[in-house]
Amino acid sequence: MKNEPPYRIASVDHALHLATLLQQEGPLRVSDAAERLGVSPSTAHRLLAMLVYRGFAEQRPDRLYEAGDVLRPAAVSGAPVALLRQVALPRLHELVDRVGESVNLVVVAGTEARFVATAESPQILRVGSRAGRTLPAHLTSGGRAVLAALPSDQVTALYDGSEDVDLTRLRRDLALVRKRGFAINDQRTEAGLTALGIVVRDPEGAPVAAVAIAMPTVRFDRDRVPAWVGALTATASEIEQELHSLT
């Protein structure tokens with residue numbers, strides 16, 4: 001279980017989080033960075049200055065900061081990440097209250113699943129925040145939920161010729177996800193972690209994100225799957241309705 005270290009170095013954590021935001025969400029003002037990190041503008045400015053010094057960020061003529069050359073090029077997600085995060089976060093916390101486990105909002109960019117928001121469980125033994133992490137989409141529950149909702153030719157284009165992914169097996173797996181209506185990750189990405197994911201669709205019906213419940217495998221109970229899926233479906237529906245009202 002890769003949970004938050006008990007004695008984390010806050011400045012390092014802030015700098016890494018900020019670099020991730022620049023890479024995945026695009027240019028930021030100093031005030032935006034301060035708000036996202038929960039620090040003062042002066043602290044955010046110092047962090048950005050250090051990222052610029054090390055090549056992780058660049059300051060544009062309009063004074064916005066963007067990802068620098070050191071950060072590898074990343075596939076662009078078509079999802080409105082900032083809007084999704086704004087809409088979903090309150091719903092994620094409500095879902096945590098209902099199920100007692102940590103909950104993630106995931107978008108897919110290329111073959112990557114990106115964790116853009118987390119609401120953590122209050123339990124001592126829990127799955128910690130995954131916000132900012134990137135994992136192979138075909139292994140995560142949220143990524144699989146989104147992939148299963150894509151047209152088959154789009155999935156083929158993503159994985160055809162891949163040495164790491166058996167496309168025939170992946171097609172079978174995604175067909176099962178579509179049949180069930182949810183995706184499951186049973187220790188595919190981390191030993192001791194099990195997750196369930198449901199797709200979130202935009203107003204046109206296209207898959208735009210996924211909501212996933214993540215728990216220690218020792219608490220996973222197949223008899224509870226219908227209740228968890230019901231809670232996930234309700235949350236996804238609420239997010240979809242609010243997206244529809246805002247777009």
# chains A, B, ... in the order shown; residues from 1 in each chain; ligands from 1
$ residues_around --residues "segment 213-227 of chain A" --least-positions-apart "3" --cutoff "6 Å" --atoms "only C-alpha atoms" --output "ChimeraX atom specification"
/A:101-103,127,192-196,230
$ residues_around --residues "Ala145 of chain A" --least-positions-apart "5" --cutoff "10 Å" --atoms "only C-alpha atoms" --output "PyMOL selection string"
chain A and resi 106+108+137-138+140+150+174+177-178+181-184+196-200+207+209-212
$ write_last_selection --atoms "N, CA and C atoms" --output "PDB file, in the first residue's frame"
ATOM      1  N   VAL A 106     -10.975   9.955 -11.966  1.00  0.00           N
ATOM      2  CA  VAL A 106      -9.928   9.552 -12.918  1.00  0.00           C
ATOM      3  C   VAL A 106     -10.311  10.005 -14.323  1.00  0.00           C
ATOM      4  N   VAL A 108      -8.767   9.748 -18.526  1.00  0.00           N
ATOM      5  CA  VAL A 108      -7.860   8.966 -19.365  1.00  0.00           C
ATOM      6  C   VAL A 108      -7.289   9.875 -20.447  1.00  0.00           C
ATOM      7  N   ALA A 137      -3.908   2.839 -18.019  1.00  0.00           N
ATOM      8  CA  ALA A 137      -5.377   2.863 -17.986  1.00  0.00           C
ATOM      9  C   ALA A 137      -5.980   1.470 -17.983  1.00  0.00           C
ATOM     10  N   HIS A 138      -5.351   0.515 -18.688  1.00  0.00           N
ATOM     11  CA  HIS A 138      -5.947  -0.814 -18.814  1.00  0.00           C
ATOM     12  C   HIS A 138      -5.851  -1.630 -17.532  1.00  0.00           C
ATOM     13  N   THR A 140      -6.192   0.028 -14.200  1.00  0.00           N
ATOM     14  CA  THR A 140      -6.976   0.674 -13.140  1.00  0.00           C
ATOM     15  C   THR A 140      -8.474   0.483 -13.384  1.00  0.00           C
ATOM     16  N   LEU A 150     -15.412   3.506 -24.740  1.00  0.00           N
ATOM     17  CA  LEU A 150     -14.932   4.068 -25.999  1.00  0.00           C
ATOM     18  C   LEU A 150     -15.317   3.168 -27.177  1.00  0.00           C
ATOM     19  N   LEU A 174     -12.803  -5.753 -21.541  1.00  0.00           N
ATOM     20  CA  LEU A 174     -13.660  -4.572 -21.666  1.00  0.00           C
ATOM     21  C   LEU A 174     -15.101  -4.957 -21.989  1.00  0.00           C
ATOM     22  N   VAL A 177     -16.600  -5.663 -18.739  1.00  0.00           N
ATOM     23  CA  VAL A 177     -16.897  -4.405 -18.034  1.00  0.00           C
ATOM     24  C   VAL A 177     -18.210  -3.825 -18.530  1.00  0.00           C
ATOM     25  N   ARG A 178     -18.390  -3.806 -19.848  1.00  0.00           N
ATOM     26  CA  ARG A 178     -19.645  -3.279 -20.406  1.00  0.00           C
ATOM     27  C   ARG A 178     -20.845  -4.103 -19.950  1.00  0.00           C
ATOM     28  N   GLY A 181     -21.327  -3.338 -16.189  1.00  0.00           N
ATOM     29  CA  GLY A 181     -21.625  -1.944 -15.904  1.00  0.00           C
ATOM     30  C   GLY A 181     -20.627  -1.296 -14.963  1.00  0.00           C
ATOM     31  N   PHE A 182     -19.586  -2.007 -14.601  1.00  0.00           N
ATOM     32  CA  PHE A 182     -18.536  -1.453 -13.756  1.00  0.00           C
ATOM     33  C   PHE A 182     -17.242  -2.212 -14.021  1.00  0.00           C
ATOM     34  N   ALA A 183     -16.130  -1.610 -13.614  1.00  0.00           N
ATOM     35  CA  ALA A 183     -14.816  -2.243 -13.772  1.00  0.00           C
ATOM     36  C   ALA A 183     -14.226  -2.519 -12.401  1.00  0.00           C
ATOM     37  N   ILE A 184     -13.387  -3.547 -12.339  1.00  0.00           N
ATOM     38  CA  ILE A 184     -12.740  -3.908 -11.080  1.00  0.00           C
ATOM     39  C   ILE A 184     -11.237  -4.039 -11.292  1.00  0.00           C
ATOM     40  N   LEU A 196     -13.178  -0.406  -7.517  1.00  0.00           N
ATOM     41  CA  LEU A 196     -14.311  -0.526  -8.424  1.00  0.00           C
ATOM     42  C   LEU A 196     -14.526   0.822  -9.097  1.00  0.00           C
ATOM     43  N   GLY A 197     -14.766   0.822 -10.417  1.00  0.00           N
ATOM     44  CA  GLY A 197     -14.922   2.073 -11.146  1.00  0.00           C
ATOM     45  C   GLY A 197     -16.161   2.109 -12.024  1.00  0.00           C
ATOM     46  N   ILE A 198     -16.734   3.305 -12.149  1.00  0.00           N
ATOM     47  CA  ILE A 198     -17.920   3.553 -12.987  1.00  0.00           C
ATOM     48  C   ILE A 198     -17.607   4.745 -13.894  1.00  0.00           C
ATOM     49  N   VAL A 199     -17.983   4.665 -15.155  1.00  0.00           N
ATOM     50  CA  VAL A 199     -17.725   5.737 -16.101  1.00  0.00           C
ATOM     51  C   VAL A 199     -18.614   6.948 -15.832  1.00  0.00           C
ATOM     52  N   VAL A 200     -18.089   8.135 -16.130  1.00  0.00           N
ATOM     53  CA  VAL A 200     -18.842   9.395 -16.099  1.00  0.00           C
ATOM     54  C   VAL A 200     -18.875   9.917 -17.527  1.00  0.00           C
ATOM     55  N   PRO A 207     -17.636   9.134 -22.898  1.00  0.00           N
ATOM     56  CA  PRO A 207     -16.961   8.948 -21.615  1.00  0.00           C
ATOM     57  C   PRO A 207     -15.942  10.052 -21.380  1.00  0.00           C
ATOM     58  N   ALA A 209     -14.695  10.684 -17.826  1.00  0.00           N
ATOM     59  CA  ALA A 209     -13.969  10.416 -16.583  1.00  0.00           C
ATOM     60  C   ALA A 209     -14.544   9.153 -15.962  1.00  0.00           C
ATOM     61  N   ALA A 210     -14.067   8.841 -14.773  1.00  0.00           N
ATOM     62  CA  ALA A 210     -14.603   7.724 -13.999  1.00  0.00           C
ATOM     63  C   ALA A 210     -14.490   8.052 -12.522  1.00  0.00           C
ATOM     64  N   VAL A 211     -15.400   7.473 -11.753  1.00  0.00           N
ATOM     65  CA  VAL A 211     -15.347   7.559 -10.295  1.00  0.00           C
ATOM     66  C   VAL A 211     -15.049   6.160  -9.784  1.00  0.00           C
ATOM     67  N   ALA A 212     -14.106   6.070  -8.838  1.00  0.00           N
ATOM     68  CA  ALA A 212     -13.688   4.758  -8.356  1.00  0.00           C
ATOM     69  C   ALA A 212     -13.587   4.732  -6.837  1.00  0.00           C
TER      70      ALA A 212
END
$ atom_distance --atom1 "atom CA of Gly110 of chain A" --atom2 "atom CA of Leu158 of chain A"
6.8 Å
$ atom_distance --atom1 "atom CA of Asp97 of chain A" --atom2 "atom CA of Trp228 of chain A"
12.3 Å
$ select_by_dssp --residues "segment 42-227 of chain A" --states "strand (DSSP E or B)" --output "NGL selection string"
:A and (57-59 or 65-67 or 102-109 or 112-119 or 134-136 or 183-186 or 193-201 or 207-216)
